[in-house]
Amino acid sequence: MLNPSKVVGVPTARIDGPLKVSGCAPYAAEHYEPFMLFGYVLPATIATGRILAIDATDAERFGGVIKVYTHENRPDTAWRDSKWKDEVALPGHPLRPLESDRILFDGQPVAFVVAETFEAARDAAALIKIHYAAARPHTDLRNELSNRYAPPVPRMKQLVPPPPRGDAEKAFKEAPHRISSDYEMSGEYHNPMELFATTVLWKKDGELTIHDKTQGSQNSHEYICQVFGLDPDKVVVKNAFVGGAFGQALRPKHQLFFAVMASLDLKRSIKAEMSRREMFYLTWRPSSFQTVSLAADEEGRLTAVMHDAVHATSRYEDYQENVANWSALAYKCDNVKISYEIAKLDVSTPGDMRAPGAATGVTALETAMDELAYVCGIDPLELRVKNFAHRDQMQDKEFTSKALHACFREGAARFGWSRRSLEPRSMREGHELIGWGMASGIWEATMSPAEANVRLSGDGKVTVSAAASDIGTGTYTILAQLSADAFDIPLRDVTVRIAESTLPKTGVQGGSWTAASTGSAVQAASKAVIATLLKHAQKLETSPLAKAKVEQVEIADGRLVLEANHQIGMPVSEIMERAGLSGIEEHAKVGPDMMTMRKFAAYTHSAVFVEVRVDVELGVVRVTRVVSAIAAGRILNPKTARSQILGGVVMGIGSALHEEGMVDHRTGRIMNHNIAEYHVPAHADIEDIDVIFVDEDDDKASPIGVKGLGEIGIVGVAAAVSNAIFHATGKRIRSFPITLDKILTERTDQ
Amino acid sequence: MRPFSFNRAETVKEAIAALAQNPDAKLLAGGTNLIDLMKYEVTHPGMIIDINRLPLKEITDLPDGALRIGALASNSAVAYDERVKARFPLLSSAILAGASPQLRNAATTGGNLLQRTRCYYFYDTAAPCNKRAPGSGCSAIGGVNRIHAILGANPACIAVHPSDMCVALAALDTVVEVEGPQGAREIAFLDFHRLAGDEPQRDNTLQTGEIITGLRLPPNPFGQNHTYLKIRDRLSYAFALVSVAAAIEIDKGRIIDLRVALGGVAHKPWRDTLAEREFADRAIGESTFREIAERLLIGAKGQGQNDFKISLARNAIIRALRQAAAGTPQDQTVKAIQ
């Protein structure tokens, strides 16, 4: 159990907030230098085929244009595939921009124009004439299901479906209650507010300072150094501020490649920023089909769970995410069968998008659970309680903690779930049918290896450094809180240095692991600083701490003191001064505890309750109330934590009702590639969202008790919305997003 | 975007002369649509004529009880004008159902009439589109056409006019005042926009060199018996899948004058005045509303993805007529449809 703290666990405004709201936080595209150049990417307008001819004459002649790069004149780069594989690369062949005349997906970059102004580069790009030989594209997953396959090279071993447990087919056939349903989900596109951008500042000695929109400065750094054969010491990548990413910026994007390529070639500083349209041509949540079959005994106890999932991938890489394995562990069941496959389409490689896999698979599972509740005639919440998994049956491990019961209890109480009647169409107000739905969510709580430095100076101020990113999540703030706590100093006395490739090694910011990983490294380094401080104190004559052990001391009010008796101790400044030190800096490296993880599995959990109002004559859905109860271990900053969950819920509502990439399968091209026509929730679509963090002590998931919050907020939301729509209307819609036409045309199930 | 020359007109005559002499010139007012179209390479005007200094911002009362709205009055200025709110609340409501406050502050009355379709293929210069490149074909037929026309379409073009404001203007028998090299003339609102026909590139009946100077709204007897109902894919900031501007003059429970204009369903704000007249003297009530809806949608044809619009339009018309008849127009600040 951790001690109560003055700063950790206290709602704290972001320390970088004033910079952001005053426009003083420079994002990747906001670094300027006189005489710098600007680049613009031209996307392909076919989905598959070849470039027969490319004529850039008019573009090259356009005023202000310096150079036009195409596959015909691209400078040489690394030859081997391995050099192009970034830290989170996938099995397959990574895209090499402008490698050849082959087009593999709509929007593939086919030219990069460099000019003295952004406008000149953009306008010249429109003058490039390309003669394509287009082949017939295959972009409709529905038509490619027969070509599905299990990925031959798993991206990670956790993504391989577990072997069957028991005999699910037999149990299913014999069960008194069962459902089997197909679910279809549209491709989704992250569209963070900030566009992909890279600014490369070139220096005469060949050194590069690169401001990149990325979720990992070190990943971009390594990629660039490998691809271009650069001396790692001569390249610095920074991502001080990131305007949202949601997984889209985990892997380096082509604007980084182009900006560095042109900078090295032209020996100039350059900036390349994507257009909004290009944000639809890369790293998306793949379209998917799933079948979930559930069976239960007379009392509603699950006797069989079967989950088949297939999603899209590209021709050149096998994107994989954990869609279906959740069904093997979310509920107690002895007969389970999971299958997971992918199918190649003429599309860009999909990628991780907030709760990759879970936002897809748990939506299907949790909708299916609702369907089963109705077949059994049991309240949907009661059905989940009845099938509560006290143990991870998939991995045969204990949970490090699982306060899901508390989520059910507190969420239901806040929402008023007990007043719900089971029958659909039982609540109405005016033209609107009212429905209440719920779902449960799950995400893995992981730690990735992380390092950090902490320096305590004589004046008591602290500097924390780690390469970690802050993609809008609040990393700056929680690291400041953790060190302020360790040294008992105000937040303003902590300087947080992150978001730079030269700093101590951390992984990319994804998977909800940054707080647990980098936070634990900061705590470990802080402890090491205190240990060193104690050693110095003990070397001093007449030290009151001569016999103290490191576990017995802490810093309080500027003094190193005995925890048990604050009277005994000495001022930090005095120790430093007498020891002749200007400061103490220590390094720490943390990682998952393999011994613990052999026996325990760590997950975050949620219960989401949703009220919808549906105008059945017009199909219009309003999500009027959401209660999201979260069990995610220790909450470092309830304010930024709440924001994470709010964002997840809003994104989940978008996934349920709005987000849909519209592809013209005749050409394989996405047509609604702008945020006027690709809908995400507007303010009017969002009403009350109530976030509850239930108490959950976890001393195993990470050294600081943190489990991570980036994804869990979205998981289950779309299912809860669709379940609420069923409760309101009696219409079970298994195709997402649930747009109004589906409500108008779907028949009432009951 | 391509390089263009920039002219600023100080008088209407100057603007007309510049427009008449430069066939590739475009007028710039709010620019909320034109600039996008230029950036997307959909249009390449050789000259931009900035008309923002023309004295066309006023909203003025006319002796016959009509209201004249200058072509450069912003959408916000019109929506929040006390006279518009009191005498033409349908117009105010329709404007507030569209876009966002920022866009409405910039967009002008004349510009609203001249905005182009939101058809995906019109905006994508790599796709054939008869409206953008006459003769190249219509990609929306057989393609992504969820937002497309169900009325008055033809194989050349199934795009729809995206305006909310214009749907109300169509219902209100507005007169469009234009001025051109041959002098001033008036165009009845229903004659201003056109169906695609065999010239989908032409959205309206303006002649070369003509500019819109203002709108004239004749007095109407509808009182609170009106509504603007907009159905879209999210609750704000989306173009209408279907919208209905309805107004009814009622006497002793019977229809005297019926107006129903539809948005999001055709190449122009859709109104069928012949059909409306058939319902004169009919009793207000659910069965009449249903008949009106069926009558107005005779000939409606889906394109596949937008088939749902036919039943959606029918239900929306019925709901709008109920609201109008009850004198309870849709409040655009309330997200529930009343």
# chains A, B, ... in the order shown; residues from 1 in each chain; ligands from 1

$ interface_residues --of "chain B" --to "chain A" --cutoff "9 Å" --atoms "only C-alpha atoms" --output "MDAnalysis selection string"
chainID B and resid 1:3 39 41 118 120:121 124 126:127 142:144 231:239 306:309 311:313 315:316 319 335:338

$ residues_around --residues "segment 494-500 of chain A" --least-positions-apart "6" --cutoff "9 Å" --atoms "only C-alpha atoms" --output "PyMOL selection string"
chain A and resi 215-218+236-241+461-470+475-477+479-481+483-484

$ residues_around --residues "Ile59 of chain B" --least-positions-apart "4" --cutoff "12 Å" --atoms "only C-alpha atoms" --output "list of chain:residue names"
B:Pro55, B:Ala66, B:Leu67, B:Arg68, B:Ile69, B:Gly70, B:Ala71, B:Leu72, B:Ala73, B:Ser74, B:Asn75, B:Ala77, B:Val78, B:Ala79, B:Tyr80, B:Asp81, B:Glu82, B:Arg83, B:Val84, B:Thr109, B:Thr213, B:Gly214, B:Leu215, B:Arg216, B:Leu217

$ select_by_dssp --residues "segment 92-156 of chain A" --states "strand (DSSP E)" --output "ChimeraX atom specification"
/A:102-103,109-115,129-134

$ closest_atom_pairs --of "segment 440-472 of chain A" --to "segment 690-712 of chain A" --cutoff "12 Å" --atoms "only C-alpha atoms" --output "JSON lines"
{"residue": "A:Ser440", "atom": "CA", "partner": "A:Ile712", "partner_atom": "CA", "distance": 10.1}
{"residue": "A:Gly441", "atom": "CA", "partner": "A:Ile712", "partner_atom": "CA", "distance": 6.7}
{"residue": "A:Ile442", "atom": "CA", "partner": "A:Ile712", "partner_atom": "CA", "distance": 6.4}
{"residue": "A:Trp443", "atom": "CA", "partner": "A:Ile712", "partner_atom": "CA", "distance": 5.7}
{"residue": "A:Glu444", "atom": "CA", "partner": "A:Lys707", "partner_atom": "CA", "distance": 8.3}
{"residue": "A:Ala445", "atom": "CA", "partner": "A:Lys707", "partner_atom": "CA", "distance": 5.0}
{"residue": "A:Thr446", "atom": "CA", "partner": "A:Lys707", "partner_atom": "CA", "distance": 7.1}
{"residue": "A:Met447", "atom": "CA", "partner": "A:Ser702", "partner_atom": "CA", "distance": 6.8}
{"residue": "A:Ser448", "atom": "CA", "partner": "A:Ser702", "partner_atom": "CA", "distance": 10.0}
{"residue": "A:Pro449", "atom": "CA", "partner": "A:Ser702", "partner_atom": "CA", "distance": 11.3}
{"residue": "A:Ala450", "atom": "CA", "partner": "A:Ser702", "partner_atom": "CA", "distance": 11.9}
{"residue": "A:Asp470", "atom": "CA", "partner": "A:Gly710", "partner_atom": "CA", "distance": 11.6}
{"residue": "A:Ile471", "atom": "CA", "partner": "A:Gly710", "partner_atom": "CA", "distance": 10.3}
{"residue": "A:Gly472", "atom": "CA", "partner": "A:Gly710", "partner_atom": "CA", "distance": 10.3}

$ write_last_selection --atoms "N, CA and C atoms" --output "CSV table (one decimal), in the first residue's frame"
chain,number,residue,atom,x,y,z
A,440,SER,N,-19.2,-4.4,-20.7
A,440,SER,CA,-18.0,-4.4,-19.9
A,440,SER,C,-16.8,-4.2,-20.9
A,441,GLY,N,-15.7,-3.7,-20.3
A,441,GLY,CA,-14.5,-3.5,-21.2
A,441,GLY,C,-13.3,-4.1,-20.5
A,442,ILE,N,-12.3,-4.4,-21.3
A,442,ILE,CA,-11.1,-5.0,-20.8
A,442,ILE,C,-9.9,-4.5,-21.7
A,443,TRP,N,-8.8,-4.3,-21.1
A,443,TRP,CA,-7.6,-4.0,-21.8
A,443,TRP,C,-6.4,-4.5,-21.0
A,444,GLU,N,-5.3,-4.8,-21.7
A,444,GLU,CA,-4.2,-5.3,-20.9
A,444,GLU,C,-3.4,-4.2,-20.2
A,445,ALA,N,-2.9,-4.5,-19.0
A,445,ALA,CA,-2.1,-3.5,-18.3
A,445,ALA,C,-0.7,-4.0,-18.4
A,446,THR,N,0.1,-3.4,-19.3
A,446,THR,CA,1.5,-3.8,-19.5
A,446,THR,C,2.5,-2.8,-19.1
A,447,MET,N,3.7,-3.3,-18.8
A,447,MET,CA,4.8,-2.4,-18.7
A,447,MET,C,5.8,-2.7,-19.8
A,448,SER,N,6.4,-1.6,-20.3
A,448,SER,CA,7.4,-1.9,-21.3
A,448,SER,C,8.7,-1.4,-20.6
A,449,PRO,N,9.9,-1.9,-21.1
A,449,PRO,CA,11.1,-1.4,-20.5
A,449,PRO,C,11.3,0.1,-20.6
A,450,ALA,N,11.7,0.7,-19.6
A,450,ALA,CA,11.8,2.2,-19.6
A,450,ALA,C,13.0,2.6,-18.7
A,470,ASP,N,4.5,12.8,-24.8
A,470,ASP,CA,3.2,13.2,-24.2
A,470,ASP,C,2.3,13.5,-25.4
A,471,ILE,N,1.5,12.5,-25.8
A,471,ILE,CA,0.6,12.7,-27.0
A,471,ILE,C,-0.7,13.3,-26.6
A,472,GLY,N,-0.6,14.1,-25.5
A,472,GLY,CA,-1.9,14.8,-25.1
A,472,GLY,C,-2.4,14.1,-23.8

$ decode --residues "segment 71-109 of chain A" --atoms "C-alpha atoms" --output "PDB file, in the first residue's frame"
ATOM      1  CA  HIS A  71      10.411   6.950 -58.220  1.00  0.00           C
ATOM      2  CA  GLU A  72      12.574   7.845 -61.203  1.00  0.00           C
ATOM      3  CA  ASN A  73      15.002  10.091 -59.334  1.00  0.00           C
ATOM      4  CA  ARG A  74      14.709   9.189 -55.671  1.00  0.00           C
ATOM      5  CA  PRO A  75      18.134   9.192 -53.948  1.00  0.00           C
ATOM      6  CA  ASP A  76      19.475   5.798 -52.887  1.00  0.00           C
ATOM      7  CA  THR A  77      18.535   4.447 -49.494  1.00  0.00           C
ATOM      8  CA  ALA A  78      18.972   1.266 -47.512  1.00  0.00           C
ATOM      9  CA  TRP A  79      18.457  -1.874 -49.537  1.00  0.00           C
ATOM     10  CA  ARG A  80      17.587  -4.503 -46.961  1.00  0.00           C
ATOM     11  CA  ASP A  81      14.052  -4.700 -45.536  1.00  0.00           C
ATOM     12  CA  SER A  82      15.420  -4.981 -42.010  1.00  0.00           C
ATOM     13  CA  LYS A  83      16.757  -1.430 -42.238  1.00  0.00           C
ATOM     14  CA  TRP A  84      13.233  -0.171 -42.887  1.00  0.00           C
ATOM     15  CA  LYS A  85      11.707  -1.963 -39.915  1.00  0.00           C
ATOM     16  CA  ASP A  86      10.915   0.359 -37.066  1.00  0.00           C
ATOM     17  CA  GLU A  87      10.402  -0.657 -33.451  1.00  0.00           C
ATOM     18  CA  VAL A  88       6.735  -1.508 -34.042  1.00  0.00           C
ATOM     19  CA  ALA A  89       7.026  -2.762 -37.627  1.00  0.00           C
ATOM     20  CA  LEU A  90       4.908  -5.662 -38.822  1.00  0.00           C
ATOM     21  CA  PRO A  91       5.657  -8.937 -40.539  1.00  0.00           C
ATOM     22  CA  GLY A  92       6.014  -8.179 -44.243  1.00  0.00           C
ATOM     23  CA  HIS A  93       7.781  -5.594 -46.361  1.00  0.00           C
ATOM     24  CA  PRO A  94       7.630  -2.051 -45.000  1.00  0.00           C
ATOM     25  CA  LEU A  95       6.580   0.637 -47.444  1.00  0.00           C
ATOM     26  CA  ARG A  96       9.521   2.369 -49.096  1.00  0.00           C
ATOM     27  CA  PRO A  97       8.203   5.633 -50.483  1.00  0.00           C
ATOM     28  CA  LEU A  98       8.887   6.172 -54.195  1.00  0.00           C
ATOM     29  CA  GLU A  99      10.577   2.781 -54.434  1.00  0.00           C
ATOM     30  CA  SER A 100       9.122   1.837 -57.793  1.00  0.00           C
ATOM     31  CA  ASP A 101       6.314   2.346 -60.281  1.00  0.00           C
ATOM     32  CA  ARG A 102       4.047  -0.065 -58.371  1.00  0.00           C
ATOM     33  CA  ILE A 103       0.938   1.257 -56.667  1.00  0.00           C
ATOM     34  CA  LEU A 104      -0.360  -0.819 -53.780  1.00  0.00           C
ATOM     35  CA  PHE A 105      -3.063   1.421 -52.324  1.00  0.00           C
ATOM     36  CA  ASP A 106      -5.115   4.547 -52.875  1.00  0.00           C
ATOM     37  CA  GLY A 107      -3.198   7.618 -51.821  1.00  0.00           C
ATOM     38  CA  GLN A 108       0.261   6.026 -51.940  1.00  0.00           C
ATOM     39  CA  PRO A 109       2.816   8.834 -52.286  1.00  0.00           C
TER      40      PRO A 109
END
